[in-house]
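*Asks:* Below is the file work.pdb, which contains PDB, C-alpha atoms, pLDDT in the B column.
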ATOM      1  CA  MET A 587      92.640 124.251  98.856  1.00 55.00           C
ATOM      2  CA  ASN A 588      89.751 125.463 101.007  1.00 52.00           C
ATOM      3  CA  ILE A 589      87.127 123.204 102.573  1.00 52.00           C
ATOM      4  CA  ARG A 590      84.390 124.108 100.044  1.00 46.00           C
ATOM      5  CA  GLU A 591      86.655 123.157  97.119  1.00 58.00           C
ATOM      6  CA  LYS A 592      87.548 119.879  98.844  1.00 60.00           C
ATOM      7  CA  ILE A 593      83.894 119.023  99.472  1.00 53.00           C
ATOM      8  CA  SER A 594      83.030 119.781  95.838  1.00 53.00           C
ATOM      9  CA  ILE A 595      85.874 117.635  94.513  1.00 60.00           C
ATOM     10  CA  VAL A 596      85.021 114.706  96.785  1.00 59.00           C
ATOM     11  CA  LEU A 597      81.295 114.813  96.000  1.00 55.00           C
ATOM     12  CA  VAL A 598      81.843 115.117  92.244  1.00 57.00           C
ATOM     13  CA  GLY A 599      84.429 112.337  92.348  1.00 60.00           C
ATOM     14  CA  LEU A 600      82.186 110.118  94.438  1.00 58.00           C
ATOM     15  CA  GLY A 601      79.273 110.667  92.062  1.00 57.00           C
ATOM     16  CA  ILE A 602      81.367 109.803  88.997  1.00 56.00           C
ATOM     17  CA  ILE A 603      82.859 106.732  90.655  1.00 57.00           C
ATOM     18  CA  LEU A 604      79.481 105.394  91.812  1.00 56.00           C
ATOM     19  CA  ALA A 605      78.001 106.021  88.360  1.00 50.00           C
ATOM     20  CA  LEU A 606      80.794 104.197  86.507  1.00 52.00           C
ATOM     21  CA  LEU A 607      81.708 101.465  88.975  1.00 54.00           C
ATOM     22  CA  PRO A 608      80.721  97.950  87.885  1.00 52.00           C
ATOM     23  CA  LEU A 609      78.771  96.677  90.887  1.00 47.00           C
ATOM     24  CA  THR A 610      79.713  93.018  90.642  1.00 45.00           C
ATOM     25  CA  GLY A 611      81.911  90.589  92.567  1.00 49.00           C
ATOM     26  CA  ASN A 612      84.787  91.986  94.608  1.00 52.00           C
ATOM     27  CA  ARG A 613      84.372  95.426  93.023  1.00 57.00           C
ATOM     28  CA  SER A 614      81.053  96.293  94.646  1.00 55.00           C
ATOM     29  CA  PHE A 615      80.869  99.313  96.921  1.00 57.00           C
ATOM     30  CA  THR A 616      79.972  98.115 100.402  1.00 59.00           C
ATOM     31  CA  VAL A 617      80.454 101.382 102.298  1.00 58.00           C
ATOM     32  CA  SER A 618      77.803 104.096 102.365  1.00 58.00           C
ATOM     33  CA  PRO A 619      78.559 107.370 100.535  1.00 57.00           C
ATOM     34  CA  LYS A 620      77.947 109.260 103.804  1.00 60.00           C
ATOM     35  CA  ARG A 621      80.743 107.313 105.556  1.00 65.00           C
ATOM     36  CA  LEU A 622      83.051 107.781 102.563  1.00 63.00           C
ATOM     37  CA  VAL A 623      82.580 111.551 102.537  1.00 61.00           C
ATOM     38  CA  ALA A 624      83.116 111.713 106.324  1.00 60.00           C
ATOM     39  CA  GLY A 625      86.316 109.693 105.975  1.00 61.00           C
ATOM     40  CA  ALA A 626      87.550 111.883 103.133  1.00 62.00           C
ATOM     41  CA  PHE A 627      87.594 114.877 105.490  1.00 63.00           C
ATOM     42  CA  ASP A 628      89.164 113.043 108.409  1.00 67.00           C
ATOM     43  CA  GLN A 629      92.771 114.234 108.744  1.00 73.00           C
ATOM     44  CA  THR A 630      93.848 110.727 109.767  1.00 80.00           C
ATOM     45  CA  SER A 631      93.220 109.710 106.127  1.00 85.00           C
ATOM     46  CA  TYR A 632      96.155 111.853 105.004  1.00 92.00           C
ATOM     47  CA  PHE A 633      99.913 112.072 105.382  1.00 95.00           C
ATOM     48  CA  THR A 634     101.790 115.299 104.767  1.00 95.00           C
ATOM     49  CA  THR A 635     104.752 115.408 102.421  1.00 95.00           C
ATOM     50  CA  ASP A 636     106.978 115.896 105.484  1.00 95.00           C
ATOM     51  CA  GLN A 637     105.647 112.665 106.998  1.00 96.00           C
ATOM     52  CA  VAL A 638     106.290 110.847 103.706  1.00 96.00           C
ATOM     53  CA  ALA A 639     109.782 112.390 103.566  1.00 95.00           C
ATOM     54  CA  ARG A 640     110.459 110.924 107.016  1.00 94.00           C
ATOM     55  CA  PHE A 641     109.295 107.486 105.807  1.00 94.00           C
ATOM     56  CA  ILE A 642     111.714 107.768 102.860  1.00 93.00           C
ATOM     57  CA  ALA A 643     114.620 109.079 104.947  1.00 91.00           C
ATOM     58  CA  THR A 644     114.251 106.277 107.501  1.00 91.00           C
ATOM     59  CA  GLU A 645     113.479 103.621 104.843  1.00 88.00           C
ATOM     60  CA  ASP A 646     110.293 102.635 106.664  1.00 91.00           C
ATOM     61  CA  THR A 647     109.292  99.184 105.360  1.00 88.00           C
ATOM     62  CA  SER A 648     105.755  99.449 106.779  1.00 91.00           C
ATOM     63  CA  VAL A 649     104.862 102.006 104.072  1.00 93.00           C
ATOM     64  CA  GLN A 650     104.082 101.373 100.414  1.00 93.00           C
ATOM     65  CA  LEU A 651     103.694 104.408  98.179  1.00 95.00           C
ATOM     66  CA  ILE A 652     101.335 104.045  95.204  1.00 95.00           C
ATOM     67  CA  ASP A 653     101.976 106.333  92.206  1.00 96.00           C
ATOM     68  CA  LEU A 654      98.696 106.916  90.347  1.00 97.00           C
ATOM     69  CA  ARG A 655     100.190 108.779  87.388  1.00 97.00           C
ATOM     70  CA  THR A 656     100.698 107.164  83.984  1.00 95.00           C
ATOM     71  CA  GLN A 657     103.370 104.488  83.582  1.00 92.00           C
ATOM     72  CA  GLU A 658     105.310 106.895  81.354  1.00 93.00           C
ATOM     73  CA  ALA A 659     105.302 109.636  84.018  1.00 94.00           C
ATOM     74  CA  PHE A 660     106.256 107.083  86.679  1.00 92.00           C
ATOM     75  CA  SER A 661     109.231 105.832  84.652  1.00 88.00           C
ATOM     76  CA  LYS A 662     110.552 109.395  84.271  1.00 89.00           C
ATOM     77  CA  LEU A 663     110.501 110.073  88.010  1.00 91.00           C
ATOM     78  CA  ASN A 664     108.813 108.844  91.162  1.00 93.00           C
ATOM     79  CA  ILE A 665     109.197 108.905  94.912  1.00 94.00           C
ATOM     80  CA  PRO A 666     111.672 106.130  95.826  1.00 90.00           C
ATOM     81  CA  GLY A 667     109.971 102.906  96.867  1.00 87.00           C
ATOM     82  CA  SER A 668     106.765 103.674  94.944  1.00 91.00           C
ATOM     83  CA  ILE A 669     104.959 101.184  92.777  1.00 91.00           C
ATOM     84  CA  SER A 670     102.953 102.214  89.750  1.00 92.00           C
ATOM     85  CA  ILE A 671      99.198 101.647  89.631  1.00 94.00           C
ATOM     86  CA  PRO A 672      97.873 104.135  87.051  1.00 95.00           C
ATOM     87  CA  TYR A 673      94.610 105.740  88.155  1.00 94.00           C
ATOM     88  CA  GLU A 674      92.770 104.387  85.080  1.00 92.00           C
ATOM     89  CA  SER A 675      93.665 100.819  86.176  1.00 91.00           C
ATOM     90  CA  PHE A 676      93.262 101.334  89.921  1.00 91.00           C
ATOM     91  CA  ILE A 677      89.848  99.697  90.314  1.00 86.00           C
ATOM     92  CA  ASP A 678      91.037  96.563  88.466  1.00 86.00           C
ATOM     93  CA  ILE A 679      94.465  96.223  90.082  1.00 87.00           C
ATOM     94  CA  ALA A 680      94.113  97.601  93.627  1.00 85.00           C
ATOM     95  CA  PRO A 681      91.949  94.840  95.185  1.00 83.00           C
ATOM     96  CA  GLY A 682      94.619  92.243  94.379  1.00 83.00           C
ATOM     97  CA  ILE A 683      97.572  94.324  95.595  1.00 85.00           C
ATOM     98  CA  LEU A 684      96.361  96.395  98.548  1.00 85.00           C
ATOM     99  CA  THR A 685      95.743  93.420 100.759  1.00 77.00           C
ATOM    100  CA  GLY A 686      95.814  94.987 104.211  1.00 63.00           C
ATOM    101  CA  GLY A 687      97.964  93.694 107.035  1.00 75.00           C
ATOM    102  CA  ASN A 688     100.148  96.256 108.791  1.00 84.00           C
ATOM    103  CA  MET A 689     101.254  97.947 105.562  1.00 90.00           C
ATOM    104  CA  LYS A 690     100.219 101.589 105.094  1.00 93.00           C
ATOM    105  CA  TYR A 691      99.347 102.304 101.444  1.00 95.00           C
ATOM    106  CA  ILE A 692      99.879 105.971 100.549  1.00 96.00           C
ATOM    107  CA  LEU A 693      98.380 107.181  97.269  1.00 96.00           C
ATOM    108  CA  TYR A 694      99.783 110.107  95.329  1.00 97.00           C
ATOM    109  CA  SER A 695      99.545 111.765  91.936  1.00 96.00           C
ATOM    110  CA  ASN A 696     100.577 115.239  90.763  1.00 95.00           C
ATOM    111  CA  GLY A 697      97.853 116.907  92.838  1.00 91.00           C
ATOM    112  CA  ASP A 698      94.982 115.744  95.054  1.00 89.00           C
ATOM    113  CA  ILE A 699      92.082 114.833  92.755  1.00 88.00           C
ATOM    114  CA  ASP A 700      93.132 111.393  91.440  1.00 92.00           C
ATOM    115  CA  ALA A 701      94.518 110.363  94.835  1.00 93.00           C
ATOM    116  CA  ASN A 702      91.302 111.378  96.632  1.00 89.00           C
ATOM    117  CA  ASN A 703      89.169 109.538  94.056  1.00 88.00           C
ATOM    118  CA  ALA A 704      91.356 106.414  94.320  1.00 91.00           C
ATOM    119  CA  TRP A 705      91.066 106.634  98.119  1.00 90.00           C
ATOM    120  CA  ILE A 706      87.259 106.683  97.779  1.00 85.00           C
ATOM    121  CA  ILE A 707      87.402 103.619  95.506  1.00 86.00           C
ATOM    122  CA  ALA A 708      89.699 101.753  97.930  1.00 88.00           C
ATOM    123  CA  LYS A 709      87.586 102.585 100.976  1.00 85.00           C
ATOM    124  CA  GLY A 710      84.367 101.814  99.102  1.00 80.00           C
ATOM    125  CA  LEU A 711      85.805  98.378  98.370  1.00 81.00           C
ATOM    126  CA  LYS A 712      86.694  97.984 102.068  1.00 81.00           C
ATOM    127  CA  ILE A 713      90.457  98.118 101.482  1.00 84.00           C
ATOM    128  CA  SER A 714      91.959  99.221 104.794  1.00 81.00           C
ATOM    129  CA  ASN A 715      95.121 101.150 105.633  1.00 90.00           C
ATOM    130  CA  VAL A 716      94.852 103.443 102.587  1.00 93.00           C
ATOM    131  CA  TYR A 717      95.921 107.075 102.830  1.00 94.00           C
ATOM    132  CA  VAL A 718      96.570 110.073 100.578  1.00 95.00           C
ATOM    133  CA  MET A 719      99.759 112.141 100.437  1.00 96.00           C
ATOM    134  CA  ASN A 720      98.387 115.672 100.727  1.00 93.00           C
ATOM    135  CA  GLY A 721      99.307 117.870  97.777  1.00 93.00           C
ATOM    136  CA  GLY A 722     100.857 115.069  95.722  1.00 95.00           C
ATOM    137  CA  LEU A 723     104.089 115.525  93.792  1.00 96.00           C
ATOM    138  CA  ASN A 724     103.411 119.243  93.394  1.00 95.00           C
ATOM    139  CA  ASP A 725     103.648 119.676  97.168  1.00 95.00           C
ATOM    140  CA  TRP A 726     106.568 117.211  97.350  1.00 95.00           C
ATOM    141  CA  PHE A 727     108.609 119.471  95.094  1.00 94.00           C
ATOM    142  CA  SER A 728     107.647 122.732  96.799  1.00 93.00           C
ATOM    143  CA  THR A 729     108.038 121.393 100.356  1.00 93.00           C
ATOM    144  CA  VAL A 730     110.770 118.747 100.179  1.00 92.00           C
ATOM    145  CA  MET A 731     112.838 119.312  97.051  1.00 90.00           C
ATOM    146  CA  ASN A 732     112.900 123.114  97.303  1.00 88.00           C
ATOM    147  CA  SER A 733     113.412 123.263 101.071  1.00 79.00           C
ATOM    148  CA  ARG A 734     116.063 125.812 102.051  1.00 75.00           C
ATOM    149  CA  PHE A 735     117.290 127.096 105.388  1.00 70.00           C
ATOM    150  CA  THR A 736     117.819 130.844 105.287  1.00 69.00           C
ATOM    151  CA  GLY A 737     117.736 131.987 108.926  1.00 68.00           C
ATOM    152  CA  GLU A 738     120.537 132.497 111.422  1.00 74.00           C
ATOM    153  CA  ARG A 739     119.105 130.234 114.127  1.00 76.00           C
ATOM    154  CA  ILE A 740     117.150 127.022 113.900  1.00 76.00           C
ATOM    155  CA  SER A 741     115.239 125.129 116.568  1.00 79.00           C
ATOM    156  CA  ALA A 742     115.770 121.406 117.142  1.00 82.00           C
ATOM    157  CA  ARG A 743     112.359 120.668 115.627  1.00 82.00           C
ATOM    158  CA  GLU A 744     113.062 122.794 112.542  1.00 83.00           C
ATOM    159  CA  ASN A 745     116.470 121.161 112.182  1.00 81.00           C
ATOM    160  CA  ALA A 746     114.976 117.648 112.294  1.00 85.00           C
ATOM    161  CA  LEU A 747     112.361 118.659 109.721  1.00 86.00           C
ATOM    162  CA  PHE A 748     114.991 120.198 107.454  1.00 88.00           C
ATOM    163  CA  GLU A 749     117.278 117.152 107.777  1.00 89.00           C
ATOM    164  CA  ASN A 750     114.415 114.780 106.857  1.00 90.00           C
ATOM    165  CA  ARG A 751     113.618 116.914 103.823  1.00 91.00           C
ATOM    166  CA  ARG A 752     117.277 117.091 102.814  1.00 91.00           C
ATOM    167  CA  LYS A 753     117.832 113.331 103.127  1.00 92.00           C
ATOM    168  CA  ALA A 754     114.582 112.405 101.356  1.00 92.00           C
ATOM    169  CA  GLY A 755     115.348 114.921  98.600  1.00 91.00           C
ATOM    170  CA  GLN A 756     118.832 113.497  98.194  1.00 90.00           C
ATOM    171  CA  ILE A 757     117.482 109.922  97.908  1.00 90.00           C
ATOM    172  CA  PHE A 758     114.849 111.131  95.413  1.00 91.00           C
ATOM    173  CA  THR A 759     117.496 112.813  93.237  1.00 89.00           C
ATOM    174  CA  GLU A 760     119.949 109.906  93.405  1.00 87.00           C
ATOM    175  CA  ILE A 761     117.386 107.218  92.564  1.00 86.00           C
ATOM    176  CA  ASN A 762     115.704 109.170  89.764  1.00 86.00           C
ATOM    177  CA  SER A 763     119.055 109.925  88.121  1.00 85.00           C
ATOM    178  CA  LEU A 764     119.826 106.179  87.776  1.00 79.00           C
ATOM    179  CA  PRO A 765     119.052 104.258  84.575  1.00 78.00           C
ATOM    180  CA  ASP A 766     116.030 101.936  84.882  1.00 70.00           C
ATOM    181  CA  SER A 767     118.173  98.773  85.116  1.00 70.00           C
ATOM    182  CA  LEU A 768     120.108 100.188  88.099  1.00 71.00           C
ATOM    183  CA  LYS A 769     116.899 101.381  89.787  1.00 67.00           C
ATOM    184  CA  ARG A 770     115.634  97.792  89.740  1.00 66.00           C
ATOM    185  CA  LYS A 771     118.920  96.505  91.205  1.00 69.00           C
ATOM    186  CA  TYR A 772     118.825  99.162  93.924  1.00 65.00           C
ATOM    187  CA  PHE A 773     115.318  98.184  95.050  1.00 59.00           C
ATOM    188  CA  GLU A 774     116.115  94.460  94.833  1.00 62.00           C
ATOM    189  CA  ALA A 775     119.161  95.055  97.078  1.00 63.00           C
ATOM    190  CA  ARG A 776     117.011  97.013  99.566  1.00 55.00           C
ATOM    191  CA  HIS A 777     114.468  94.190  99.603  1.00 51.00           C
ATOM    192  CA  VAL A 778     117.160  91.589 100.366  1.00 54.00           C
ATOM    193  CA  ALA A 779     118.685  93.790 103.087  1.00 50.00           C
ATOM    194  CA  ALA A 780     115.252  94.289 104.703  1.00 47.00           C
ATOM    195  CA  LYS A 781     114.668  90.513 104.749  1.00 51.00           C
ATOM    196  CA  LYS A 782     118.043  89.932 106.386  1.00 51.00           C
ATOM    197  CA  LEU A 783     117.272  92.500 109.083  1.00 44.00           C
ATOM    198  CA  ASP A 784     113.929  90.777 109.722  1.00 47.00           C
ATOM    199  CA  GLY A 785     115.706  87.434 110.075  1.00 52.00           C
ATOM    200  CA  GLY A 786     114.269  86.040 106.853  1.00 52.00           C
ATOM    201  CA  CYS A 787     116.017  84.348 103.989  1.00 51.00           C
ATOM    202  CA  GLU A 788     116.899  85.817 100.604  1.00 48.00           C
TER
END
For the structure just supplied, provide its representation as structure tokens.

*Replies:*
Amino acid sequence: MNIREKISIVLVGLGIILALLPLTGNRSFTVSPKRLVAGAFDQTSYFTTDQVARFIATEDTSVQLIDLRTQEAFSKLNIPGSISIPYESFIDIAPGILTGGNMKYILYSNGDIDANNAWIIAKGLKISNVYVMNGGLNDWFSTVMNSRFTGERISARENALFENRRKAGQIFTEINSLPDSLKRKYFEARHVAAKKLDGGCE
């Protein structure tokens, strides 16, 4: 996507959001549109799919992925460790869940539009540590799931990148092939293991 397309999408999204947003209570925009647009084009507001793959491969507990697709789409498949906050419900649910701290909240959908609009909402409501996974699930599949090594030689950097993609892709496939009841048990077990490593109780 070129810069002109990105600017158009952000400005249209910002206009729609500001027009429809109920300006009451904890859902009032407190950040100027100029700052929001500037932030939307700051590369530090984004993570690449390779960066997200590394978070998945290393089971980084400082990251929380937010799936903005419908609940039905989420239940069919999602990036492991994601929670579902459908885009239509984001403005009502996000302020109570994305509570800051050291957690990095990474938004994704199929492409970029819903994630960028949700980012604008979150930032407009002064929710910090919110990011967008560039390219969404479409880029996840093309970059991570369909990653193949075809050359004769590979550099150390390329090897590390490929290994992260391979491991994250493997976790994605394994988790999404489980029935829903086993998915829940898997994530509950990971949560307990993380608490034990942190020295907490179950």

*Asks:* Given all atoms listed in the file as the basis, pick out the residue of A:Ala704, A:Ile677, A:Val718, A:Ala754 nearest to Asn732 (chain A).

*Replies:*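 Nearest candidate to Asn732 (chain A) out of A:Ala704, A:Ile677, A:Val718, A:Ala754: A:Ala754.
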
*Asks:* CA of Glu760 (chain A) and CA of Asn696 (chain A), how far apart in Å?

*Replies:* 20.3 Å

*Asks:* Counting all atoms listed in the file, what is within 9 Å of Val730 (chain A), bar same-chain residues fewer than 5 positions away, as a list in words?

*Replies:* Thr635, Asp636, Ala639, Asp725, Phe748, Asn750, Arg751, Arg752, Ala754 and Gly755 of chain A

*Asks:* Could you work out how far CA of Val716 (chain A) lies from CA of Ile671 (chain A), giving the answer in Å with one decimal?

*Replies:* 13.8 Å

*Asks:* State, in Å with one decimal place, the distance from CA of Val638 (chain A) to CA of Met719 (chain A).

*Replies:*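 Computing it gives 7.4 Å between the two atoms.
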
*Asks:* Which one of A:Ser631, A:Arg734, A:Gly667, A:Ser695 sits closest to Ser714 (chain A) if you count all atoms listed in the file?

*Replies:* A:Ser631

*Asks:* I need the output of the PyMOL selection byres ((chain A and resi 685) around 12) for this file as a JSON list (two decimals) with C-alpha atoms, in the coordinates of the input; which residues are they?

*Replies:*
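File written: out.json
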[["chain", "number", "residue", "atom", "x", "y", "z"],
["A", 650, "GLN", "CA", 104.08, 101.37, 100.41],
["A", 679, "ILE", "CA", 94.46, 96.22, 90.08],
["A", 680, "ALA", "CA", 94.11, 97.60, 93.63],
["A", 681, "PRO", "CA", 91.95, 94.84, 95.18],
["A", 682, "GLY", "CA", 94.62, 92.24, 94.38],
["A", 683, "ILE", "CA", 97.57, 94.32, 95.60],
["A", 684, "LEU", "CA", 96.36, 96.40, 98.55],
["A", 686, "GLY", "CA", 95.81, 94.99, 104.21],
["A", 687, "GLY", "CA", 97.96, 93.69, 107.04],
["A", 688, "ASN", "CA", 100.15, 96.26, 108.79],
["A", 689, "MET", "CA", 101.25, 97.95, 105.56],
["A", 690, "LYS", "CA", 100.22, 101.59, 105.09],
["A", 691, "TYR", "CA", 99.35, 102.30, 101.44],
["A", 708, "ALA", "CA", 89.70, 101.75, 97.93],
["A", 711, "LEU", "CA", 85.80, 98.38, 98.37],
["A", 712, "LYS", "CA", 86.69, 97.98, 102.07],
["A", 713, "ILE", "CA", 90.46, 98.12, 101.48],
["A", 714, "SER", "CA", 91.96, 99.22, 104.79],
["A", 715, "ASN", "CA", 95.12, 101.15, 105.63],
["A", 716, "VAL", "CA", 94.85, 103.44, 102.59]]
